[in-house]
Amino acid sequence: MLPSAELDLPGVTPSRQQRSRETTAALLQAGAEMLRTHSLAELSIETLCRKVGATVGAFYSRFQSKDAYFNALIELAARDGAGRLARMKDDSRLAEADLAGRSRLLVRGTTGWIRNHEGVLRAALQHDDTRPDRWTTFKALARANVADATPILLGAMGPGNKAAKTRVIGFGFQVVLGTLVNAILNDPGPLSIQDREMEERLSNCLLLLLQAEMTTGRTAASARKSRKRRK
C-alpha cells in the first residue's frame, strides 16, 4: 500500500479517511499494473474499478479525469525515481566498490526503477508526440541520474582527463538508458526489460566504455611524456 503522504497528488481529491485513501492507492497500483500489458487508450476505467472492487463513481470522485489519473501515476513514478537518486548519494556500497562494482550498482538501480514502472513509462513515451510534458519529467530525472552518478564513477577512474571522463560517463548512460527505453517501447529482443541478463550486459557495456577512456587517457599521457623526453 502506498504511504498516505504519496497520495497527495495534483488532480487527486484528498481524503482524510483511511478507507478512502486505501481505495485511491489500490486504483493507482492496479492501473500501473494494467499498463504493463495495455496501452493507456486500452485502459478501461470500468475494468480498473472492477479489479479493486470500486465503482466508476468512486473513481471520478477521486480523480478529475482519466488524464488526471495518468498524471498521478507519472508523478508517483517520478517521486520514486527522485527517492532512488537521494538514496544513491548515501549508499555505502557505492563508496566502497571499485569501478566495476559501481557500474553494476548504478545500472542495476536504473534498470530496477524502469522495470518497476515499465507500463507507466511506456504509456508516457507513446504519448510524447501529443503530450511531450509527460516525458519531460523523466528526461529531467535521467539528467539528474547522470549528474549524480558522474562523481561516483569519477572517484574510481583515477585522476586526470576529467572532462573526457565526464563525457564518456554521460555517453555510457545514454547507451544504457537508450537501450532500456527501446526495450520497454519496442521490445526488439533478444533481451526484454524483465531479463536479469539485461542489467548484467548493460553494466559491462558501461564499464568497458569507461575503461576504454581510461586507457586512452593513459596512452595519451604516456605519448606526451615520451615526446618531452625526446626534446
# chains A, B, ... in the order shown; residues from 1 in each chain; ligands from 1
call {"tool": "residues_around", "arguments": {"residues": "range 163-179 of chain A", "least_positions_apart": "2", "cutoff": "7 Å", "atoms": "only C-alpha atoms", "output": "PDB file with C-alpha atoms, in the first residue's frame"}}
result
ATOM      1  CA  VAL A 146      23.814  11.138 -14.826  1.00  0.00           C
ATOM      2  CA  THR A 150      29.253  11.125 -12.505  1.00  0.00           C
ATOM      3  CA  ASN A 161      41.235  13.978 -18.019  1.00  0.00           C
ATOM      4  CA  VAL A 181      13.776   2.800 -23.342  1.00  0.00           C
ATOM      5  CA  ASN A 182      13.881   0.797 -26.571  1.00  0.00           C
ATOM      6  CA  ALA A 183      13.235  -2.372 -24.576  1.00  0.00           C
ATOM      7  CA  LEU A 202      24.479  -3.064 -19.722  1.00  0.00           C
ATOM      8  CA  LEU A 206      29.208   0.950 -19.268  1.00  0.00           C
ATOM      9  CA  LEU A 209      33.341   2.393 -22.193  1.00  0.00           C
ATOM     10  CA  LEU A 210      34.833   3.849 -19.012  1.00  0.00           C
ATOM     11  CA  GLU A 213      38.551   6.135 -21.923  1.00  0.00           C
TER      12      GLU A 213
END
call {"tool": "residues_around", "arguments": {"residues": "Ser15 in chain A", "least_positions_apart": "2", "cutoff": "12 Å", "atoms": "only C-alpha atoms", "output": "list in words"}}
result
Ser4, Ala5, Leu7, Asp8, Leu9, Val12, Thr13, Gln17, Gln18, Arg19, Ser20, Arg21, Glu22, Thr23, Thr24, Ala25, Ser61, Arg62 and Phe63 of chain A
call {"tool": "atom_distance", "arguments": {"atom1": "CA of Gln194 in chain A", "atom2": "CA of Ala77 in chain A"}}
result
17.5 Å
call {"tool": "closest_residue", "arguments": {"among": "A:Ile152, A:Leu99, A:Ala212, A:Arg122", "to": "Asp187 in chain A", "atoms": "only C-alpha atoms"}}
result
A:Arg122
call {"tool": "select_by_dssp", "arguments": {"residues": "range 2-229 of chain A", "states": "helix (DSSP H, G or I)", "output": "PyMOL selection string"}}
result
chain A and resi 4-7+18-34+45-52+56-62+66-89+92-96+99-116+118-126+132-154+162-185+196-229
call {"tool": "closest_residue", "arguments": {"among": "A:Glu42, A:Lys89, A:Cys205, A:Lys139", "to": "Arg104 in chain A", "atoms": "only C-alpha atoms"}}
result
A:Cys205
call {"tool": "residues_around", "arguments": {"residues": "Tyr69 in chain A", "least_positions_apart": "4", "cutoff": "8 Å", "atoms": "only C-alpha atoms", "output": "list of chain:residue names"}}
result
A:Gly11, A:Val12, A:Leu28, A:Phe63, A:Gln64, A:Ser65, A:Leu73
call {"tool": "write_last_selection", "arguments": {"atoms": "all heavy atoms", "output": "PDB file, in the first residue's frame"}}
result
ATOM      1  N   GLY A  11      -4.440  16.860  -9.002  1.00  0.00           N
ATOM      2  CA  GLY A  11      -5.549  16.238  -9.715  1.00  0.00           C
ATOM      3  C   GLY A  11      -6.230  15.116  -8.965  1.00  0.00           C
ATOM      4  O   GLY A  11      -7.157  14.484  -9.478  1.00  0.00           O
ATOM      5  N   VAL A  12      -5.764  14.833  -7.736  1.00  0.00           N
ATOM      6  CA  VAL A  12      -6.349  13.775  -6.921  1.00  0.00           C
ATOM      7  C   VAL A  12      -7.060  14.418  -5.734  1.00  0.00           C
ATOM      8  O   VAL A  12      -6.459  15.197  -4.991  1.00  0.00           O
ATOM      9  CB  VAL A  12      -5.278  12.784  -6.416  1.00  0.00           C
ATOM     10  CG1 VAL A  12      -5.912  11.712  -5.538  1.00  0.00           C
ATOM     11  CG2 VAL A  12      -4.550  12.146  -7.597  1.00  0.00           C
ATOM     12  N   LEU A  28      -4.535   3.282  -8.067  1.00  0.00           N
ATOM     13  CA  LEU A  28      -3.263   3.668  -8.679  1.00  0.00           C
ATOM     14  C   LEU A  28      -2.380   2.447  -8.929  1.00  0.00           C
ATOM     15  O   LEU A  28      -1.785   2.310 -10.004  1.00  0.00           O
ATOM     16  CB  LEU A  28      -2.541   4.670  -7.786  1.00  0.00           C
ATOM     17  CG  LEU A  28      -3.169   6.076  -7.746  1.00  0.00           C
ATOM     18  CD1 LEU A  28      -2.619   6.876  -6.572  1.00  0.00           C
ATOM     19  CD2 LEU A  28      -2.920   6.812  -9.058  1.00  0.00           C
ATOM     20  N   PHE A  63     -10.442  11.208  -8.888  1.00  0.00           N
ATOM     21  CA  PHE A  63      -9.635  11.714  -9.997  1.00  0.00           C
ATOM     22  C   PHE A  63     -10.520  12.566 -10.902  1.00  0.00           C
ATOM     23  O   PHE A  63     -11.608  12.145 -11.279  1.00  0.00           O
ATOM     24  CB  PHE A  63      -9.014  10.565 -10.784  1.00  0.00           C
ATOM     25  CG  PHE A  63      -8.202   9.617  -9.933  1.00  0.00           C
ATOM     26  CD1 PHE A  63      -8.759   8.424  -9.493  1.00  0.00           C
ATOM     27  CD2 PHE A  63      -6.912   9.935  -9.550  1.00  0.00           C
ATOM     28  CE1 PHE A  63      -8.023   7.550  -8.698  1.00  0.00           C
ATOM     29  CE2 PHE A  63      -6.172   9.072  -8.764  1.00  0.00           C
ATOM     30  CZ  PHE A  63      -6.728   7.881  -8.325  1.00  0.00           C
ATOM     31  N   GLN A  64     -10.035  13.735 -11.252  1.00  0.00           N
ATOM     32  CA  GLN A  64     -10.832  14.663 -12.063  1.00  0.00           C
ATOM     33  C   GLN A  64     -11.143  14.088 -13.439  1.00  0.00           C
ATOM     34  O   GLN A  64     -12.176  14.399 -14.037  1.00  0.00           O
ATOM     35  CB  GLN A  64     -10.080  15.984 -12.200  1.00  0.00           C
ATOM     36  CG  GLN A  64      -9.869  16.709 -10.876  1.00  0.00           C
ATOM     37  CD  GLN A  64      -8.955  17.915 -11.006  1.00  0.00           C
ATOM     38  OE1 GLN A  64      -8.501  18.254 -12.101  1.00  0.00           O
ATOM     39  NE2 GLN A  64      -8.673  18.566  -9.882  1.00  0.00           N
ATOM     40  N   SER A  65     -10.240  13.237 -13.945  1.00  0.00           N
ATOM     41  CA  SER A  65     -10.408  12.651 -15.275  1.00  0.00           C
ATOM     42  C   SER A  65      -9.411  11.507 -15.412  1.00  0.00           C
ATOM     43  O   SER A  65      -8.544  11.309 -14.560  1.00  0.00           O
ATOM     44  CB  SER A  65     -10.136  13.698 -16.361  1.00  0.00           C
ATOM     45  OG  SER A  65      -8.781  14.149 -16.266  1.00  0.00           O
ATOM     46  N   LEU A  73      -0.103   8.844 -11.842  1.00  0.00           N
ATOM     47  CA  LEU A  73       0.806   7.702 -11.987  1.00  0.00           C
ATOM     48  C   LEU A  73       2.206   8.163 -12.376  1.00  0.00           C
ATOM     49  O   LEU A  73       3.212   7.643 -11.880  1.00  0.00           O
ATOM     50  CB  LEU A  73       0.264   6.731 -13.040  1.00  0.00           C
ATOM     51  CG  LEU A  73      -0.980   5.918 -12.653  1.00  0.00           C
ATOM     52  CD1 LEU A  73      -1.463   5.102 -13.838  1.00  0.00           C
ATOM     53  CD2 LEU A  73      -0.688   5.008 -11.471  1.00  0.00           C
TER      54      LEU A  73
END
call {"tool": "closest_residue", "arguments": {"among": "A:Thr137, A:Asn116, A:Ser39, A:Ser92", "to": "Ala78 in chain A", "atoms": "only C-alpha atoms"}}
result
A:Thr137
call {"tool": "atom_distance", "arguments": {"atom1": "CA of Arg84 in chain A", "atom2": "CA of Leu125 in chain A"}}
result
21.1 Å
call {"tool": "residues_around", "arguments": {"residues": "Ala30 in chain A", "least_positions_apart": "6", "cutoff": "8 Å", "atoms": "only C-alpha atoms", "output": "list in words"}}
result
Leu48, Lys51 and Val52 of chain A
call {"tool": "residues_around", "arguments": {"residues": "Ala144 in chain A", "least_positions_apart": "4", "cutoff": "9 Å", "atoms": "only C-alpha atoms", "output": "number ranges by chain"}}
result
A: 82, 85, 139-140, 148-149
call {"tool": "closest_residue", "arguments": {"among": "A:Ala68, A:Leu191, A:Ile114, A:Leu76", "to": "Ala142 in chain A", "atoms": "only C-alpha atoms"}}
result
A:Ile114
call {"tool": "closest_residue", "arguments": {"among": "A:Met88, A:Met34, A:Leu180, A:Ala54", "to": "Glu199 in chain A", "atoms": "only C-alpha atoms"}}
result
A:Leu180
